[in-house]
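Participant: For reference, the structure I am asking about is given below.
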Amino acid sequence: MAAIGLDADPLCGLVATGACAEPLPVEEVAPGIYVHHCVHEELDDGYHGDICNIGFIVGKKGVAVIDSGGSLAVGQRLREVVRKVTPLPILYVINTHVHPDHIYGNAAFLADKPAFVGHHKLADAMELRRAVYTRNNAAWLGDAAAGSEMVKPTQPVQSTLELDLGERPLLMTANPTAHTNTDLTILDRNTSTLWSGDLLFIERTPSIDGDIKGWLQIIGKLRDMPIQRIIPGHGPVPADWKGALDNEQRYLQTLLNDVRDSIRKGVSMERTMETAAATEKDGWLLFNTVNRRNVNIIYPALEWE
Ligand SMILES: [Zn+2]
C-alpha cells in the first residue's frame, strides 16, 4: 500500500491558506482509493477537526471526495493531496452523514463546482444542527474554525444512486436510521470496496445518534454484502471486515440488552450509565465517555418500548 503526502512542500506552513495547504497523508487502500486516517480524539478534548477517515476515489474522468473533514483547513489539505495524486476534476463531494468531523471541509471544494452528494435527509439534518455545530466549532477549533461553512448536498440520494467517475461506477445507498438518520454508504464496484462512514467503527467506541435497533439490522445486511473490504468511519481498514462487524454488533447488542434489563428492573439511567455494556469496556477506546453518552440517548427511547 502506498503512502502519499508526507513530502509536503516545505514552503507551505501548517496553517492552511487554501493556496498552499500542506497535503494530508493518505494511504492507497485499493487501486485508486485513497484514505486519510484519523486520530482518535474526543470532540470536546483536543479536537482539531481531523478525527475520522476521509479520502477520495479516482476514475478515468474524475474524482469523488468522500467526507471532507471537520474544518475548511482540513478540507483544503485533503484537496491538496487530491491535486498531488491526479489533475482530473473533482466531480463529486460525498458526505456519509451529518456529523461535523465529516462535513466541514466541504467548503474547500466549492471552487471545483462538484455535485455535493448526500442522504436525502442530510440537508435538513444540517440545518437543524447548524446553530449547535457552529457554536461547538468555535469552542473546539477556535480560529481554525474560520471559513468552515456548512455546504449542503446538491444531489440528494433517495434510496440508491449510481455515479460514474469514468470506468469507475459507484453505488450510493441511503440507509434507514442507524448511526444517524443520514447514513450513506458508497460501494466502489471495481474493487468491491464499501465506504461505510460511521456504520462501522474500528477501535473507537461506536457512538449512537440515531437508532440502535436500526443499526443492528444494517450490520446484518452489511455482513451479507459481496464485498472485499470496508473503509470504516473511524480506525484502520480491517483485514477481517466481518470480524470487525461482529465486534461492533456485540457491543451494540450488549448495550441494548443491558439497558433493556436496567429499565425492566427499575435501575436509573444514571446508574445504568455506569454499568451498561461494562463487559465491553476494555475492547474500545474512549469507552467511558462514549458509552455514557450512548446510554443517555437510548435509555429514554427504550423506556417506551
Ligand atoms: Zn459519526
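Following the order of the C-alpha cells, first chain is A, next is B, and so on, with residues numbered from 1 inside each chain and ligands from 1 in the order they appear.
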Could you pull out the residues sitting within 8 Å of ligand 1, using only C-alpha atoms and all ligand atoms, and write them as a ChimeraX atom specification?

Facilitator: /A:97-102,179-180,197-198,207,209,233

Participant: Excluding A:Gln76 and any residue of its chain fewer than 2 positions from it, enumerate the residues within 6 Å of it, using only C-alpha atoms, and give them as an mmCIF file with all heavy atoms, in the first residue's frame.

Facilitator:
```cif
data_model
loop_
_atom_site.group_PDB
_atom_site.id
_atom_site.type_symbol
_atom_site.label_atom_id
_atom_site.label_comp_id
_atom_site.auth_asym_id
_atom_site.auth_seq_id
_atom_site.Cartn_x
_atom_site.Cartn_y
_atom_site.Cartn_z
ATOM 1 N N GLY A 18 -5.274 27.513 1.741
ATOM 2 C CA GLY A 18 -6.020 27.173 0.534
ATOM 3 C C GLY A 18 -5.111 27.232 -0.661
ATOM 4 O O GLY A 18 -5.076 26.320 -1.474
ATOM 5 N N ALA A 73 -9.920 24.085 6.852
ATOM 6 C CA ALA A 73 -8.479 23.840 6.755
ATOM 7 C C ALA A 73 -8.183 22.376 6.444
ATOM 8 O O ALA A 73 -7.321 22.068 5.608
ATOM 9 C CB ALA A 73 -7.792 24.257 8.057
ATOM 10 N N VAL A 74 -8.909 21.450 7.083
ATOM 11 C CA VAL A 74 -8.695 20.024 6.804
ATOM 12 C C VAL A 74 -9.126 19.715 5.368
ATOM 13 O O VAL A 74 -8.443 18.988 4.637
ATOM 14 C CB VAL A 74 -9.450 19.137 7.826
ATOM 15 C CG1 VAL A 74 -9.344 17.669 7.451
ATOM 16 C CG2 VAL A 74 -8.894 19.357 9.238
ATOM 17 N N LEU A 78 -6.968 18.142 2.301
ATOM 18 C CA LEU A 78 -7.420 16.983 1.523
ATOM 19 C C LEU A 78 -7.383 17.314 0.031
ATOM 20 O O LEU A 78 -6.926 16.510 -0.792
ATOM 21 C CB LEU A 78 -8.844 16.594 1.953
ATOM 22 C CG LEU A 78 -9.489 15.436 1.201
ATOM 23 C CD1 LEU A 78 -8.689 14.133 1.371
ATOM 24 C CD2 LEU A 78 -10.933 15.211 1.667
ATOM 25 N N ARG A 79 -7.833 18.526 -0.309
ATOM 26 C CA ARG A 79 -7.820 18.939 -1.713
ATOM 27 C C ARG A 79 -6.381 18.963 -2.252
ATOM 28 O O ARG A 79 -6.126 18.575 -3.404
ATOM 29 C CB ARG A 79 -8.468 20.321 -1.863
ATOM 30 C CG ARG A 79 -8.686 20.706 -3.310
ATOM 31 C CD ARG A 79 -9.399 22.032 -3.466
ATOM 32 N NE ARG A 79 -9.566 22.313 -4.884
ATOM 33 C CZ ARG A 79 -8.588 22.766 -5.674
ATOM 34 N NH1 ARG A 79 -7.373 22.994 -5.171
ATOM 35 N NH2 ARG A 79 -8.806 22.964 -6.965
ATOM 36 N N ALA A 108 -14.015 23.689 1.077
ATOM 37 C CA ALA A 108 -12.718 23.741 0.386
ATOM 38 C C ALA A 108 -12.844 23.365 -1.095
ATOM 39 O O ALA A 108 -11.938 23.628 -1.891
ATOM 40 C CB ALA A 108 -11.725 22.804 1.072
#
```

Participant: What's the 9 Å shell around A:Ser148, counting only C-alpha atoms, without same-chain residues fewer than 4 positions away, as a list in words?

Facilitator: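 Result of the neighbour search: Gly70, Ser71, Leu72, Ala73, Tyr104, Gly105, Asn106, Ala107, Ala108, Thr134, Asn137 and Ala144 of chain A.
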
Participant: Please identify all polymer residues within 10 Å of stretch 81-85 of chain A, counting only C-alpha atoms, omitting same-chain residues fewer than 5 positions from it, and present them as a list in words.

Facilitator: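 Contacts, in chain order: Ile4, Gly5, Leu6, Ala8, Ala21, Glu22, Pro23, Leu24, Pro25, Val26, Gly32, Tyr34, His36, Gly55, Phe56, Ile57, Val58, Val63, Ala64, Val65, Gln76 and Ile90 of chain A.
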
Participant: Generate a file of the selected residues that holds N, CA, C and O atoms, formatted as a short mmCIF file (atom, residue, chain, number, x, y, z; two decimals), in the first residue's frame.

Facilitator:
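So result01.cif came out as:
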```cif
data_model
loop_
_atom_site.label_atom_id
_atom_site.label_comp_id
_atom_site.auth_asym_id
_atom_site.auth_seq_id
_atom_site.Cartn_x
_atom_site.Cartn_y
_atom_site.Cartn_z
N ILE A 4 1.16 8.58 0.56
CA ILE A 4 1.36 9.79 -0.23
C ILE A 4 1.14 11.01 0.65
O ILE A 4 0.37 10.96 1.59
N GLY A 5 1.83 12.08 0.35
CA GLY A 5 1.52 13.34 1.01
C GLY A 5 2.46 13.65 2.16
O GLY A 5 2.35 14.69 2.79
N LEU A 6 3.40 12.76 2.44
CA LEU A 6 4.29 13.00 3.57
C LEU A 6 5.40 13.98 3.19
O LEU A 6 5.99 14.63 4.04
N ALA A 8 5.56 17.02 2.12
CA ALA A 8 4.85 18.28 1.89
C ALA A 8 5.82 19.35 1.40
O ALA A 8 7.00 19.33 1.69
N ALA A 21 -1.84 24.76 1.06
CA ALA A 21 -2.09 23.93 2.23
C ALA A 21 -1.20 22.69 2.19
O ALA A 21 -0.92 22.16 1.13
N GLU A 22 -0.81 22.23 3.34
CA GLU A 22 0.01 21.02 3.41
C GLU A 22 -0.87 19.81 3.11
O GLU A 22 -1.90 19.61 3.77
N PRO A 23 -0.48 18.99 2.11
CA PRO A 23 -1.34 17.85 1.77
C PRO A 23 -1.48 16.89 2.95
O PRO A 23 -0.50 16.62 3.63
N LEU A 24 -2.67 16.35 3.15
CA LEU A 24 -2.85 15.34 4.18
C LEU A 24 -2.17 14.05 3.75
O LEU A 24 -2.21 13.69 2.57
N PRO A 25 -1.55 13.33 4.66
CA PRO A 25 -1.06 12.00 4.32
C PRO A 25 -2.22 11.05 4.01
O PRO A 25 -3.23 11.08 4.73
N VAL A 26 -2.10 10.29 2.95
CA VAL A 26 -3.14 9.32 2.62
C VAL A 26 -2.51 7.96 2.31
O VAL A 26 -1.32 7.88 2.00
N GLY A 32 -6.62 3.16 -6.70
CA GLY A 32 -7.40 4.37 -6.92
C GLY A 32 -8.24 4.83 -5.74
O GLY A 32 -9.01 5.78 -5.88
N TYR A 34 -7.98 6.31 -1.94
CA TYR A 34 -7.03 6.92 -1.02
C TYR A 34 -7.75 7.33 0.26
O TYR A 34 -8.79 8.00 0.21
N HIS A 36 -7.29 9.04 4.18
CA HIS A 36 -6.53 9.70 5.25
C HIS A 36 -7.08 9.20 6.57
O HIS A 36 -8.27 9.34 6.85
N GLY A 55 -11.31 10.84 2.38
CA GLY A 55 -10.44 10.46 1.27
C GLY A 55 -11.11 10.67 -0.07
O GLY A 55 -11.99 11.50 -0.21
N PHE A 56 -10.67 9.87 -1.07
CA PHE A 56 -11.20 10.07 -2.41
C PHE A 56 -10.95 8.85 -3.28
O PHE A 56 -10.09 8.01 -3.00
N ILE A 57 -11.76 8.77 -4.35
CA ILE A 57 -11.66 7.69 -5.33
C ILE A 57 -11.43 8.33 -6.70
O ILE A 57 -12.10 9.30 -7.05
N VAL A 58 -10.49 7.77 -7.45
CA VAL A 58 -10.11 8.34 -8.75
C VAL A 58 -10.56 7.42 -9.88
O VAL A 58 -10.23 6.22 -9.88
N VAL A 63 -12.82 12.63 -10.06
CA VAL A 63 -12.57 12.21 -8.67
C VAL A 63 -13.84 12.40 -7.84
O VAL A 63 -14.58 13.37 -8.04
N ALA A 64 -14.07 11.48 -6.91
CA ALA A 64 -15.10 11.67 -5.88
C ALA A 64 -14.40 11.76 -4.54
O ALA A 64 -13.67 10.85 -4.15
N VAL A 65 -14.61 12.87 -3.85
CA VAL A 65 -14.12 13.02 -2.48
C VAL A 65 -15.19 12.41 -1.57
O VAL A 65 -16.38 12.62 -1.77
N GLN A 76 -9.06 21.74 2.85
CA GLN A 76 -8.04 22.28 1.93
C GLN A 76 -6.83 21.35 1.84
O GLN A 76 -6.26 21.16 0.77
N ILE A 90 -12.49 17.32 -9.76
CA ILE A 90 -13.24 16.79 -8.62
C ILE A 90 -14.72 16.94 -8.95
O ILE A 90 -15.27 18.04 -8.96
#
```

Participant: Return as a tab-separated table the residues of stretch 28-77 of chain A lying at most 9 Å from stretch 181-193 of chain A, together with the closest atom-to-atom pair for each and the distance in Å to one decimal, counting only C-alpha atoms, with rows in chain order and ascending residue number.

Facilitator:
```
residue	atom	partner	partner_atom	distance
A:Ala30	CA	A:Thr191	CA	7.0
A:Pro31	CA	A:Thr191	CA	7.6
A:Ile33	CA	A:Thr193	CA	8.9
A:Ile57	CA	A:Asp188	CA	8.4
A:Ile66	CA	A:Ile186	CA	8.6
```

Participant: Just give me the gap between atom CA of A:Glu167 and atom CA of A:Pro89 in Å, one decimal is fine.

Facilitator: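 So the two atoms, atom CA of A:Glu167 and atom CA of A:Pro89, lie 15.0 Å apart.
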
Participant: Among stretch 46-159 of chain A, which residues does DSSP mark as helix (DSSP H, G or I) when it is run on the backbone? Keep the chain and numbering as in the structure and answer as an MDAnalysis selection string.

Facilitator: chainID A and resid 72:85 100:103 106:112 122:145

Participant: Which of these residues is nearest to A:Phe287, using only C-alpha atoms: A:Arg204, A:Val259, A:Met150, A:Ile218?

Facilitator: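 Checking each of A:Arg204, A:Val259, A:Met150, A:Ile218 against A:Phe287, counting only C-alpha atoms, the winner is A:Arg204.
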
Participant: When you look at A:Leu255 with a cut-off of 8 Å (counting only C-alpha atoms), what residues show up, excluding the ones that are within fewer than 3 positions of it in the same chain? I need them as a list in words.

Facilitator: Tyr251, Leu252, Asp258, Val259, Ala276, Ala277 and Val295 of chain A

Participant: Could the residues in this selection be written to a file with C-alpha atoms, as a PDB file, in the first residue's frame?

Facilitator:
```
ATOM      1  CA  TYR A 251     -21.017  -4.083  21.660  1.00  0.00           C
ATOM      2  CA  LEU A 252     -24.327  -2.676  20.412  1.00  0.00           C
ATOM      3  CA  ASP A 258     -28.158  -4.243  29.370  1.00  0.00           C
ATOM      4  CA  VAL A 259     -30.191  -1.045  29.039  1.00  0.00           C
ATOM      5  CA  ALA A 276     -24.303  -0.992  30.823  1.00  0.00           C
ATOM      6  CA  ALA A 277     -22.017  -2.897  28.442  1.00  0.00           C
ATOM      7  CA  VAL A 295     -26.904   5.200  27.363  1.00  0.00           C
TER       8      VAL A 295
END
```

Participant: Determine which residues of stretch 63-144 of chain A DSSP labels as strand (DSSP E or B) from the backbone of this structure, then write them out as number ranges by chain.

Facilitator: A: 63-66, 90-94, 115-119

Participant: Could you check how far atom CA of A:Ala123 sits from atom CA of A:Pro153, in Å to one decimal?

Facilitator: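 Computing it gives 6.2 Å between the two atoms.
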
Participant: Do a neighbour search on A:Met172 at 10 Å with only C-alpha atoms, toss out local chain neighbours closer than 2 positions, and write the hits as a ChimeraX atom specification.

Facilitator: /A:94,96,117-119,157-163,169-170,174-175,184-188,194-195

Participant: So the first atom is atom CA of A:Leu200 and the second is atom CA of A:Lys60; what is the distance between them in Å, to one decimal place?

Facilitator: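 According to the coordinates, atom CA of A:Leu200 and atom CA of A:Lys60 are separated by 28.8 Å.
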